[in-house]
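This report refers to the structure that appears directly beneath it.
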Amino acid sequence: MATTAEPTTTSERTGGPTLAKGWGTDAPDQPLRPMEFERRALRPNDVAIKITYAGICHSDLHTCRNDWGGTRYPVIPGHEIVGIVTAIGDEVTRHRVGDTVAVGCMVDSCMECDQCLEGWEVFCRKGCVQTYNSKDYHDGTVSKGGYTDHIVVRDHFVCKVPDGMDAARVAPLLCAGITTYSPLRQYNVGPTTKMAVVGLGGLGHMGVKLGAALGAHVTMITTTPSKGDDARALGAHDVIISTDPEQMKAAATRFDFILNTIPVSHEIDGYLQLLGRSGRMVIVGALTPMPGFVGMNLIWWNRAVGGSAIGGIPETQEMLDFCAAKDIYPDVEFIRMDQVNEAYERLLKNDVRYRFVIDMSHGL
């Protein structure tokens with residue numbers, strides 16, 4: 001449960017750099033190992049947070065192994081963070097020592113451009129500072145993420161965990177949750193929407209839960225028949241096996257909206273044919289080059305295909321408040337920090353239902 005407490009000593013608002021302990025890697029072919037590094041002293045608008053839970057995202061693994069290029073080693077990943085405020089800068093008024101808070105995929109932005117002013121800090125014209133593997137605007141240091149005992153973050157980018165939420169299960173909402181919530185909100189998914197979710201993994205299972213909570217009729221599309229029961233337990237009203245031509249043919253033009261969570265490159269023509277008039281498919285999982293598609297599958301029935309990233313900070317807070325109100329959590333498996341390398345190998349095999357969370361509530 002979230003708690004609040006007034007700062008009681010000067011040290012809770014000031015202080016120098018602090019030694020942090022965490023787990024990271026030195027090279028793409030090396031396992032994660034214990035590391036120590038320095039966290040900056042609090043700036044006037046900073047919040048210091050003792051991390052209690054950190055989710056594991058596919059992006060963490062890809063960055064550690066430099067699958068997308070651009071990894072700055074040593075890298076300490078983690079952008080699904082929940083913890084307790086331990087100190088605040090002199091200008092901070094939104095958070096207090098003792099608050100239960102959460103941090104997602106970004107920790108700073110210019111706060112001046114049109115995108116930032118409209119609550120879309122992720123698209124900051126200057127480039128938002130990501131929670132790890134990203135250069136700080138002010139001192140040029142490379143950000144270190146949530147696989148650590150504590151973190152220092154600009155207060156605007158710290159979200160409140162609503163009172164009564166189970167903090168142990170919140171962390172994946174800061175990436176998987178907002179990644180799936182944002183497109184549903186952008187395209188007004190609700191009680192009249194016939195919606196499909198493609199792929200039942202970390203993102204897909206949240207798409208099913210959130211779509212159902214918004215009142216949509218949700219169908220899970222999967223290649224794996226055994227996942228049908230799981231999908232229904234998560235809130236899906238129907239299941240389609242995409243490798244069954246008859247099932248796919250019967251579902252032609254059925255859906256208003258398709259949330260495509262497949263994390264790797266794949267053909268989309270078969271899914272496009274499931275969209276009805278002016279239907280839209282939004283891709284949230286695949287970041288790599290995609291194969292071509294048949295233009296007629298877009299032109300006919302006035303279909304569209306697009307993408308969606310995480311939301312901005314206001315929408316992320318809205319998502320947390322919505323999940324608190326609807327009692328929505330990701331399905332998680334808890335691990336210790338020293339089990340992270342094993343978790344990465346299991347992640348590659350899709351051997352998790354559906355997100356790993358590192359429990360640091362009693363230390364690393």
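Labels for the structure tokens follow display order: chains A, B, ..., residues from 1 in each chain, ligands from 1.
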Tell me which protein, DNA and RNA residues are within 7 Å of Gly145 of chain A, counting only C-alpha atoms, leaving out same-chain ones fewer than 4 positions away, and put them as an MDAnalysis selection string. chainID A and resid 76:79 131:132
Serialized selection, all heavy atoms, as an mmCIF file, in the first residue's frame:
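See result36.cif below for the written result:
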```cif
data_model
loop_
_atom_site.group_PDB
_atom_site.id
_atom_site.type_symbol
_atom_site.label_atom_id
_atom_site.label_comp_id
_atom_site.auth_asym_id
_atom_site.auth_seq_id
_atom_site.Cartn_x
_atom_site.Cartn_y
_atom_site.Cartn_z
ATOM 1 N N ILE A 76 23.401 -1.225 -17.310
ATOM 2 C CA ILE A 76 22.549 -1.764 -16.243
ATOM 3 C C ILE A 76 21.107 -1.473 -16.655
ATOM 4 O O ILE A 76 20.687 -0.319 -16.670
ATOM 5 C CB ILE A 76 22.879 -1.139 -14.880
ATOM 6 C CG1 ILE A 76 24.300 -1.525 -14.460
ATOM 7 C CG2 ILE A 76 21.861 -1.580 -13.825
ATOM 8 C CD1 ILE A 76 24.728 -0.965 -13.120
ATOM 9 N N PRO A 77 20.358 -2.504 -17.035
ATOM 10 C CA PRO A 77 19.015 -2.279 -17.588
ATOM 11 C C PRO A 77 17.949 -2.149 -16.509
ATOM 12 O O PRO A 77 18.239 -2.104 -15.314
ATOM 13 C CB PRO A 77 18.802 -3.527 -18.439
ATOM 14 C CG PRO A 77 19.553 -4.592 -17.707
ATOM 15 C CD PRO A 77 20.750 -3.915 -17.073
ATOM 16 N N GLY A 78 16.694 -2.100 -16.985
ATOM 17 C CA GLY A 78 15.551 -2.038 -16.078
ATOM 18 C C GLY A 78 14.777 -0.740 -16.192
ATOM 19 O O GLY A 78 15.260 0.295 -15.741
ATOM 20 N N HIS A 79 13.568 -0.794 -16.806
ATOM 21 C CA HIS A 79 12.738 0.408 -16.895
ATOM 22 C C HIS A 79 11.297 0.137 -16.454
ATOM 23 O O HIS A 79 10.366 0.767 -16.928
ATOM 24 C CB HIS A 79 12.798 1.042 -18.295
ATOM 25 C CG HIS A 79 12.353 0.142 -19.417
ATOM 26 N ND1 HIS A 79 12.759 0.346 -20.716
ATOM 27 C CD2 HIS A 79 11.557 -0.938 -19.443
ATOM 28 C CE1 HIS A 79 12.214 -0.562 -21.495
ATOM 29 N NE2 HIS A 79 11.461 -1.349 -20.745
ATOM 30 N N THR A 131 15.594 5.546 -19.311
ATOM 31 C CA THR A 131 15.938 5.148 -17.953
ATOM 32 C C THR A 131 17.295 4.461 -17.882
ATOM 33 O O THR A 131 17.960 4.506 -16.846
ATOM 34 C CB THR A 131 14.829 4.252 -17.385
ATOM 35 O OG1 THR A 131 13.571 4.937 -17.548
ATOM 36 C CG2 THR A 131 15.035 3.946 -15.923
ATOM 37 N N TYR A 132 17.710 3.847 -18.976
ATOM 38 C CA TYR A 132 19.066 3.288 -19.021
ATOM 39 C C TYR A 132 19.629 3.409 -20.434
ATOM 40 O O TYR A 132 18.878 3.589 -21.403
ATOM 41 C CB TYR A 132 19.103 1.834 -18.536
ATOM 42 C CG TYR A 132 18.289 0.841 -19.337
ATOM 43 C CD1 TYR A 132 18.826 0.204 -20.467
ATOM 44 C CD2 TYR A 132 16.999 0.490 -18.941
ATOM 45 C CE1 TYR A 132 18.094 -0.720 -21.184
ATOM 46 C CE2 TYR A 132 16.265 -0.440 -19.655
ATOM 47 C CZ TYR A 132 16.813 -1.044 -20.776
ATOM 48 O OH TYR A 132 16.079 -1.968 -21.483
#
```
Residue neighbourhood Asp321 of chain A, 9 Å, only C-alpha atoms, exclusion window fewer than 5 positions, as number ranges by chain | A: 160-162, 316, 326
Selection above as a file: N, CA, C and O atoms, as a CSV table (one decimal), in the first residue's frame:
```csv
chain,number,residue,atom,x,y,z
A,160,LYS,N,2.9,8.2,-9.3
A,160,LYS,CA,2.4,7.8,-8.0
A,160,LYS,C,1.7,6.4,-8.1
A,160,LYS,O,0.9,6.2,-9.0
A,161,VAL,N,2.1,5.5,-7.2
A,161,VAL,CA,1.3,4.2,-7.1
A,161,VAL,C,0.1,4.4,-6.3
A,161,VAL,O,0.2,4.8,-5.1
A,162,PRO,N,-1.1,4.3,-6.8
A,162,PRO,CA,-2.3,4.6,-6.1
A,162,PRO,C,-2.4,3.8,-4.8
A,162,PRO,O,-1.9,2.6,-4.7
A,316,THR,N,0.5,7.7,-18.5
A,316,THR,CA,1.0,6.6,-17.7
A,316,THR,C,0.4,6.6,-16.3
A,316,THR,O,0.0,5.6,-15.7
A,326,LYS,N,-9.7,-0.8,-11.4
A,326,LYS,CA,-10.3,-2.1,-12.0
A,326,LYS,C,-9.6,-3.3,-11.5
A,326,LYS,O,-9.9,-4.4,-11.9
```
- Would you list the contacts of Tyr354 of chain A as a list in words, taking every protein, DNA or RNA residue within 8 Å and counting only C-alpha atoms, but skipping same-chain residues closer than 2 positions in sequence? Gly201, Gly202, His205, Pro330, Asp331, Val332, Glu333, Val352 and Phe356 of chain A
- Task: Check the DSSP output for the backbone and give back, as a PyMOL selection string, the residues of segment 212-323 of chain A in strand (DSSP E).
- Result: chain A and resi 217-222+238-241+255-260+275-283+304-307
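Between atom CA of Asp229 of chain A and atom CA of Ile241 of chain A there is a distance of 12.2 Å.
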- Run DSSP on the backbone of this structure and report the residues of segment 79-270 of chain A it assigns to helix (DSSP H, G or I), as a ChimeraX atom specification. /A:114-117,121-123,155-157,167-169,171-174,176-186,202-213,225-234,245-250,269-270
Using only C-alpha atoms, the shortest atom-to-atom distance to Pro28 of chain A among A:Val47, A:Val75, A:Val197, A:Met337 belongs to A:Val75
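Here atom CA of Ala250 of chain A stands at a distance of 28.3 Å from atom CA of Gln186 of chain A.
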Item checked: Shell of 12 Å around Ala102 of chain A, only C-alpha atoms, local chain residues under 6 positions omitted, as a PyMOL selection string -> chain A and resi 2+47-55+79-85+95+146+151-153+155-162+165+167-175+313+316-317+320
Would you put the residues from that selection into a file with N, CA and C atoms, as a short mmCIF file (atom, residue, chain, number, x, y, z; two decimals), in the first residue's frame?
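Listing of result38.cif after writing:
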```
data_model
loop_
_atom_site.label_atom_id
_atom_site.label_comp_id
_atom_site.auth_asym_id
_atom_site.auth_seq_id
_atom_site.Cartn_x
_atom_site.Cartn_y
_atom_site.Cartn_z
N ALA A 2 0.49 2.25 -0.79
CA ALA A 2 1.25 3.49 -0.83
C ALA A 2 1.11 4.23 0.49
N VAL A 47 14.12 13.18 -7.26
CA VAL A 47 13.58 12.28 -6.25
C VAL A 47 14.50 11.07 -6.16
N ALA A 48 14.91 10.68 -4.95
CA ALA A 48 15.69 9.46 -4.74
C ALA A 48 14.73 8.36 -4.31
N ILE A 49 14.92 7.17 -4.90
CA ILE A 49 13.98 6.08 -4.68
C ILE A 49 14.73 4.79 -4.34
N LYS A 50 14.36 4.17 -3.23
CA LYS A 50 14.83 2.82 -2.93
C LYS A 50 13.97 1.86 -3.74
N ILE A 51 14.61 1.08 -4.62
CA ILE A 51 13.87 0.19 -5.51
C ILE A 51 13.52 -1.11 -4.78
N THR A 52 12.25 -1.46 -4.84
CA THR A 52 11.78 -2.69 -4.21
C THR A 52 11.43 -3.77 -5.23
N TYR A 53 10.99 -3.36 -6.42
CA TYR A 53 10.63 -4.32 -7.46
C TYR A 53 11.04 -3.75 -8.82
N ALA A 54 11.58 -4.62 -9.68
CA ALA A 54 11.95 -4.21 -11.04
C ALA A 54 11.51 -5.28 -12.02
N GLY A 55 10.71 -4.90 -13.01
CA GLY A 55 10.28 -5.84 -14.03
C GLY A 55 11.37 -6.08 -15.06
N HIS A 79 13.57 -0.79 -16.81
CA HIS A 79 12.74 0.41 -16.90
C HIS A 79 11.30 0.14 -16.45
N GLU A 80 11.15 -0.82 -15.55
CA GLU A 80 9.87 -1.06 -14.89
C GLU A 80 10.16 -1.08 -13.38
N ILE A 81 10.00 0.05 -12.75
CA ILE A 81 10.56 0.26 -11.41
C ILE A 81 9.48 0.68 -10.42
N VAL A 82 9.49 0.04 -9.27
CA VAL A 82 8.63 0.44 -8.16
C VAL A 82 9.50 0.56 -6.91
N GLY A 83 9.25 1.58 -6.11
CA GLY A 83 10.05 1.74 -4.90
C GLY A 83 9.48 2.77 -3.95
N ILE A 84 10.28 3.12 -2.96
CA ILE A 84 9.88 4.06 -1.91
C ILE A 84 10.76 5.30 -1.97
N VAL A 85 10.15 6.47 -1.92
CA VAL A 85 10.90 7.72 -1.93
C VAL A 85 11.70 7.84 -0.63
N HIS A 95 6.00 14.84 -4.54
CA HIS A 95 6.30 13.59 -3.86
C HIS A 95 6.87 13.86 -2.49
N GLY A 146 16.93 0.01 -13.51
CA GLY A 146 16.30 -0.42 -12.28
C GLY A 146 16.79 -1.70 -11.66
N ILE A 151 17.65 4.63 -7.22
CA ILE A 151 17.75 5.43 -8.44
C ILE A 151 17.38 6.87 -8.10
N VAL A 152 17.91 7.81 -8.89
CA VAL A 152 17.60 9.22 -8.76
C VAL A 152 16.96 9.69 -10.06
N VAL A 153 15.77 10.30 -9.96
CA VAL A 153 14.97 10.62 -11.14
C VAL A 153 14.36 12.01 -11.00
N ASP A 155 11.63 14.64 -10.80
CA ASP A 155 10.34 14.38 -10.16
C ASP A 155 9.18 14.23 -11.13
N HIS A 156 9.18 14.97 -12.24
CA HIS A 156 8.08 14.90 -13.20
C HIS A 156 7.90 13.48 -13.73
N PHE A 157 8.97 12.71 -13.77
CA PHE A 157 8.94 11.39 -14.39
C PHE A 157 8.73 10.27 -13.37
N VAL A 158 8.35 10.67 -12.17
CA VAL A 158 8.03 9.72 -11.11
C VAL A 158 6.51 9.67 -10.95
N CYS A 159 5.92 8.52 -11.16
CA CYS A 159 4.48 8.37 -11.05
C CYS A 159 4.10 7.88 -9.66
N LYS A 160 2.88 8.19 -9.26
CA LYS A 160 2.37 7.76 -7.96
C LYS A 160 1.71 6.39 -8.10
N VAL A 161 2.06 5.47 -7.22
CA VAL A 161 1.34 4.20 -7.14
C VAL A 161 0.11 4.44 -6.27
N PRO A 162 -1.09 4.28 -6.83
CA PRO A 162 -2.30 4.58 -6.06
C PRO A 162 -2.39 3.78 -4.77
N MET A 165 -2.86 -0.39 -4.02
CA MET A 165 -2.33 -1.30 -5.04
C MET A 165 -1.28 -2.23 -4.41
N ALA A 167 2.03 -3.31 -4.57
CA ALA A 167 3.24 -2.78 -5.20
C ALA A 167 4.09 -3.87 -5.83
N ALA A 168 4.01 -5.08 -5.32
CA ALA A 168 4.83 -6.17 -5.84
C ALA A 168 4.48 -6.52 -7.28
N ARG A 169 3.25 -6.21 -7.72
CA ARG A 169 2.82 -6.60 -9.07
C ARG A 169 2.69 -5.42 -10.02
N VAL A 170 3.09 -4.24 -9.58
CA VAL A 170 2.89 -3.04 -10.39
C VAL A 170 3.95 -2.85 -11.48
N ALA A 171 5.19 -3.26 -11.23
CA ALA A 171 6.31 -2.86 -12.08
C ALA A 171 6.07 -3.05 -13.58
N PRO A 172 5.61 -4.21 -14.07
CA PRO A 172 5.44 -4.36 -15.52
C PRO A 172 4.42 -3.41 -16.15
N LEU A 173 3.57 -2.81 -15.32
CA LEU A 173 2.63 -1.83 -15.87
C LEU A 173 3.36 -0.63 -16.47
N LEU A 174 4.59 -0.37 -15.99
CA LEU A 174 5.32 0.82 -16.42
C LEU A 174 5.88 0.69 -17.83
N CYS A 175 5.84 -0.53 -18.39
CA CYS A 175 6.21 -0.69 -19.80
C CYS A 175 5.12 -1.48 -20.53
N ILE A 313 3.86 10.84 -19.62
CA ILE A 313 3.69 10.71 -18.17
C ILE A 313 2.23 10.87 -17.74
N THR A 316 0.51 7.66 -18.50
CA THR A 316 1.02 6.58 -17.65
C THR A 316 0.37 6.62 -16.28
N GLN A 317 0.24 7.83 -15.72
CA GLN A 317 -0.45 7.95 -14.43
C GLN A 317 -1.92 7.57 -14.56
N LEU A 320 -2.10 3.82 -14.49
CA LEU A 320 -1.97 3.27 -13.13
C LEU A 320 -3.26 3.46 -12.33
#
```
If you count only C-alpha atoms, which residues fall within 7 Å of Asn133 of chain A, apart from same-chain ones fewer than 4 positions away, as a tab-separated table (two decimals) with N, CA, C and O atoms, in the first residue's frame?
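As a result, part-v9.tsv now contains:
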```tsv
chain	number	residue	atom	x	y	z
A	71	THR	N	24.34	0.03	-27.80
A	71	THR	CA	24.47	-0.17	-26.36
A	71	THR	C	25.80	0.38	-25.87
A	71	THR	O	26.85	0.14	-26.46
A	72	ARG	N	25.73	1.14	-24.77
A	72	ARG	CA	26.92	1.71	-24.15
A	72	ARG	C	27.26	0.86	-22.92
A	72	ARG	O	26.50	0.84	-21.96
A	75	VAL	N	26.32	-1.70	-19.21
A	75	VAL	CA	24.91	-1.30	-19.19
A	75	VAL	C	24.21	-2.00	-18.04
A	75	VAL	O	24.42	-3.18	-17.78
A	142	VAL	N	25.88	8.25	-18.57
A	142	VAL	CA	24.94	7.31	-19.17
A	142	VAL	C	24.02	6.75	-18.08
A	142	VAL	O	24.49	6.27	-17.05
A	143	SER	N	22.73	6.83	-18.32
A	143	SER	CA	21.76	6.43	-17.30
A	143	SER	C	21.85	4.93	-17.01
A	143	SER	O	22.11	4.11	-17.90
A	144	LYS	N	21.64	4.60	-15.75
A	144	LYS	CA	21.63	3.22	-15.28
A	144	LYS	C	20.24	2.91	-14.74
A	144	LYS	O	19.65	3.70	-14.02
```
